[in-house]
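Engineer: Please find one structure pasted underneath; my questions will follow.
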Amino acid sequence: MKKLIFTGSAVALATPMLPEGKVNFEAFEKLVEFQIQGGTDALVICGTTGESATLKDDEHLECIARAVKITAGRVPVIAGTGSNYTEHAVDMSKEAKALGADALLLVTPYYNKTSQKGLVASFNTIVDAAGLPAILYNVPSRTGVNIAPKTALELSKNPLICGIKEASGNISQIGQVAALCGDELPLYSGNDDQVVPILSLGGKGVISVVANVAPAAMHRMCQLWFEGKTAESLALQLELMGLCNAMFCDVNPIPVKAALNMMGFAAGPCRLPLVELSEENAALVRRELEKAALL
């Protein structure tokens, strides 16, 4: 059985920006502390929600360094260091380890893509070079690459590959991964509206966008499940469906950064090519925040 990097709810943390587009590190540190105080079980830094695709390497690494410093060992810090260029992912992963990150989040190669054989070679190369435990990130809607269940099984043989974040949305495939890999590849939901279904398949938690605004609720949903209070966990999942949908009414992280701004966290704008939320969707986000008593 693999050692778990975390159980429960890990936030896929947004990266605040100043109006002129620079990273707002002061606001970033406040978000980190808000998450820890809210009960988040782990921090994922510079993933999709953290706008990793438009962060310069020095900004990326500074976010990891600050998260490690502010967290001070209270919860694991998981650094998003995946890339469509394996050598770059190796370099960033080594840097993340040097900065004190506890683990890595490695997305499948995007745009140039690869075969299933290439996925095995790339992921193994990265984790073996970095020497840190890693969670694989399967999000084919963004990358155009899917980690097939048999590929997941092959990757689970690497002792440093300690989980998979499943954001394919394909519950049948996720069930196949769980059946094939069991405890050798801990399963995490990558979709906030599928947390309880994935927990029911043996999942260990979620890497959550919604946790940016509702860390306590996402933590509690998982905690209730692990305590055997499955009906209460399901009830909370259903209660939060409106908020989950609102956080994905536009391209992530546009809605969640708008929500954080409404809550007074100075998340700022997204970097181009992502643009401001429409008035209609902003009204939807505000309604759901109010319904969840977050405003």
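Here's how to read the names in the structure tokens: chain A, B, ... by the order shown, residue numbers from 1 in each chain, ligand numbers from 1 in the order shown.
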Write out as a ChimeraX atom specification all residues of region 46-242 of chain A that DSSP puts in strand (DSSP E) for this structure's backbone.

Structural biologist: /A:77-80,103-107,134-138,161-166,187-189,205-208

Engineer: What would the file look like if the residues just selected were written as a PDB file, in the first residue's frame with N, CA and C atoms?

Structural biologist:
```
ATOM      1  N   VAL A  77       2.349  20.536   1.177  1.00  0.00           N
ATOM      2  CA  VAL A  77       2.362  21.433   0.016  1.00  0.00           C
ATOM      3  C   VAL A  77       2.701  20.593  -1.211  1.00  0.00           C
ATOM      4  N   ILE A  78       1.779  20.579  -2.151  1.00  0.00           N
ATOM      5  CA  ILE A  78       1.929  19.804  -3.383  1.00  0.00           C
ATOM      6  C   ILE A  78       2.152  20.798  -4.519  1.00  0.00           C
ATOM      7  N   ALA A  79       3.273  20.689  -5.192  1.00  0.00           N
ATOM      8  CA  ALA A  79       3.652  21.652  -6.221  1.00  0.00           C
ATOM      9  C   ALA A  79       3.299  21.126  -7.607  1.00  0.00           C
ATOM     10  N   GLY A  80       2.542  21.911  -8.339  1.00  0.00           N
ATOM     11  CA  GLY A  80       2.270  21.583  -9.725  1.00  0.00           C
ATOM     12  C   GLY A  80       3.503  21.865 -10.571  1.00  0.00           C
ATOM     13  N   ALA A 103       5.310  17.145  -2.171  1.00  0.00           N
ATOM     14  CA  ALA A 103       4.934  16.248  -3.261  1.00  0.00           C
ATOM     15  C   ALA A 103       4.729  17.070  -4.527  1.00  0.00           C
ATOM     16  N   LEU A 104       4.503  16.355  -5.619  1.00  0.00           N
ATOM     17  CA  LEU A 104       4.305  16.974  -6.928  1.00  0.00           C
ATOM     18  C   LEU A 104       2.928  16.622  -7.475  1.00  0.00           C
ATOM     19  N   LEU A 105       2.407  17.502  -8.320  1.00  0.00           N
ATOM     20  CA  LEU A 105       1.233  17.203  -9.136  1.00  0.00           C
ATOM     21  C   LEU A 105       1.687  17.294 -10.587  1.00  0.00           C
ATOM     22  N   LEU A 106       1.527  16.196 -11.329  1.00  0.00           N
ATOM     23  CA  LEU A 106       2.074  16.103 -12.681  1.00  0.00           C
ATOM     24  C   LEU A 106       0.964  15.872 -13.696  1.00  0.00           C
ATOM     25  N   VAL A 107       0.673  16.909 -14.474  1.00  0.00           N
ATOM     26  CA  VAL A 107      -0.345  16.815 -15.513  1.00  0.00           C
ATOM     27  C   VAL A 107       0.211  16.058 -16.713  1.00  0.00           C
ATOM     28  N   ALA A 134       4.533  11.774  -6.060  1.00  0.00           N
ATOM     29  CA  ALA A 134       3.770  12.548  -7.027  1.00  0.00           C
ATOM     30  C   ALA A 134       2.359  12.005  -7.185  1.00  0.00           C
ATOM     31  N   ILE A 135       1.448  12.932  -7.487  1.00  0.00           N
ATOM     32  CA  ILE A 135       0.085  12.603  -7.891  1.00  0.00           C
ATOM     33  C   ILE A 135      -0.022  12.928  -9.376  1.00  0.00           C
ATOM     34  N   LEU A 136      -0.463  11.960 -10.158  1.00  0.00           N
ATOM     35  CA  LEU A 136      -0.693  12.198 -11.577  1.00  0.00           C
ATOM     36  C   LEU A 136      -2.009  12.943 -11.759  1.00  0.00           C
ATOM     37  N   TYR A 137      -2.099  13.723 -12.827  1.00  0.00           N
ATOM     38  CA  TYR A 137      -3.282  14.560 -13.061  1.00  0.00           C
ATOM     39  C   TYR A 137      -3.843  14.226 -14.434  1.00  0.00           C
ATOM     40  N   ASN A 138      -5.000  13.575 -14.430  1.00  0.00           N
ATOM     41  CA  ASN A 138      -5.653  13.170 -15.675  1.00  0.00           C
ATOM     42  C   ASN A 138      -6.803  14.109 -15.993  1.00  0.00           C
ATOM     43  N   ILE A 161       5.028   7.193  -7.334  1.00  0.00           N
ATOM     44  CA  ILE A 161       3.735   7.627  -7.885  1.00  0.00           C
ATOM     45  C   ILE A 161       2.658   7.193  -6.911  1.00  0.00           C
ATOM     46  N   CYS A 162       2.162   8.175  -6.158  1.00  0.00           N
ATOM     47  CA  CYS A 162       1.342   7.905  -4.970  1.00  0.00           C
ATOM     48  C   CYS A 162      -0.088   8.408  -5.093  1.00  0.00           C
ATOM     49  N   GLY A 163      -0.573   8.555  -6.318  1.00  0.00           N
ATOM     50  CA  GLY A 163      -1.959   8.962  -6.468  1.00  0.00           C
ATOM     51  C   GLY A 163      -2.257   9.410  -7.880  1.00  0.00           C
ATOM     52  N   ILE A 164      -3.554   9.518  -8.158  1.00  0.00           N
ATOM     53  CA  ILE A 164      -4.010  10.060  -9.426  1.00  0.00           C
ATOM     54  C   ILE A 164      -5.199  10.968  -9.164  1.00  0.00           C
ATOM     55  N   LYS A 165      -5.119  12.178  -9.691  1.00  0.00           N
ATOM     56  CA  LYS A 165      -6.237  13.118  -9.657  1.00  0.00           C
ATOM     57  C   LYS A 165      -7.045  12.888 -10.924  1.00  0.00           C
ATOM     58  N   GLU A 166      -8.245  12.367 -10.756  1.00  0.00           N
ATOM     59  CA  GLU A 166      -9.064  12.011 -11.904  1.00  0.00           C
ATOM     60  C   GLU A 166     -10.080  13.112 -12.215  1.00  0.00           C
ATOM     61  N   LEU A 187      -6.726   7.319  -5.166  1.00  0.00           N
ATOM     62  CA  LEU A 187      -7.577   8.014  -6.123  1.00  0.00           C
ATOM     63  C   LEU A 187      -8.135   9.289  -5.497  1.00  0.00           C
ATOM     64  N   TYR A 188      -8.012  10.392  -6.237  1.00  0.00           N
ATOM     65  CA  TYR A 188      -8.556  11.676  -5.795  1.00  0.00           C
ATOM     66  C   TYR A 188      -9.472  12.239  -6.877  1.00  0.00           C
ATOM     67  N   SER A 189     -10.592  12.782  -6.447  1.00  0.00           N
ATOM     68  CA  SER A 189     -11.483  13.433  -7.402  1.00  0.00           C
ATOM     69  C   SER A 189     -10.865  14.745  -7.876  1.00  0.00           C
ATOM     70  N   GLY A 205     -10.033  11.414  -1.416  1.00  0.00           N
ATOM     71  CA  GLY A 205     -10.326  12.824  -1.249  1.00  0.00           C
ATOM     72  C   GLY A 205     -10.495  13.524  -2.570  1.00  0.00           C
ATOM     73  N   VAL A 206     -10.271  14.829  -2.541  1.00  0.00           N
ATOM     74  CA  VAL A 206     -10.492  15.688  -3.711  1.00  0.00           C
ATOM     75  C   VAL A 206      -9.399  16.736  -3.781  1.00  0.00           C
ATOM     76  N   ILE A 207      -9.038  17.102  -4.992  1.00  0.00           N
ATOM     77  CA  ILE A 207      -8.241  18.315  -5.223  1.00  0.00           C
ATOM     78  C   ILE A 207      -9.220  19.312  -5.809  1.00  0.00           C
ATOM     79  N   SER A 208      -9.567  20.316  -5.030  1.00  0.00           N
ATOM     80  CA  SER A 208     -10.798  21.070  -5.193  1.00  0.00           C
ATOM     81  C   SER A 208     -10.592  22.523  -5.601  1.00  0.00           C
TER      82      SER A 208
END
```

Engineer: Which residues in region 96-242 of chain A does DSSP call helix (DSSP H, G or I)? List them as a PyMOL selection string.

Structural biologist: chain A and resi 96-99+116-130+140-143+149-155+171-184+192-200+210-212+215-226+230-239+241-242

Engineer: So which residues touch Arg66 (chain A) within 12 Å, counting only C-alpha atoms, skipping near sequence neighbours fewer than 2 positions away, as JSON, numbers by chain?

Structural biologist: {"A": [15, 24, 25, 26, 27, 28, 29, 30, 31, 32, 33, 43, 45, 46, 59, 60, 61, 62, 63, 64, 68, 69, 70, 71, 72, 77, 79, 96, 99, 100, 101]}

Engineer: Identify which of the residues A:Thr125, A:Asn252, A:Gln194, A:Gln35 lies closest to Val209 (chain A), counting only C-alpha atoms when measuring atom-to-atom distances.

Structural biologist: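 Looking at the shortest contact to Val209 (chain A), the residue is A:Asn252.
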
Engineer: Select, from A:Leu185, A:Leu295, A:Leu55, A:Leu4, the residue with the minimum atom-to-atom distance to Thr81 (chain A), counting only C-alpha atoms.

Structural biologist: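 Selected residue with least distance to Thr81 (chain A): A:Leu55.
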
Engineer: If we count only C-alpha atoms, what is near Leu272 (chain A) at a cut-off of 12 Å, once residues fewer than 4 positions away on the same chain are taken out, given as a list in words?

Structural biologist: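 The neighbour list is Met17, Glu20, Gly21, Glu51, Ala53, Thr54, Leu55, Pro253, Ile254 and Glu276 of chain A.
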
Engineer: Nearest to Lys113 (chain A) among A:Arg142, A:Lys22, A:Arg74, A:Lys2, with distances taken over only C-alpha atoms: which residue is it?

Structural biologist: A:Arg142

Engineer: Would you please work out which residue, of A:Asp128, A:Asp192, A:Pro16, A:Ala10, is nearest to Pro269 (chain A) when using only C-alpha atoms?

Structural biologist: A:Pro16

Engineer: Kindly indicate which residue among A:Ala292, A:Val11, A:Ile5, A:Val145 lies nearest to Asn191 (chain A), using only C-alpha atoms for the distances.

Structural biologist: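 Of all the options, A:Val11 lies closest to Asn191 (chain A).
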
Engineer: Pick the closest to Ala121 (chain A) from A:Thr86, A:Phe34, A:Leu277, A:Cys244: which is it, counting only C-alpha atoms?

Structural biologist: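 Under the stated criterion, the closest residue is A:Thr86.
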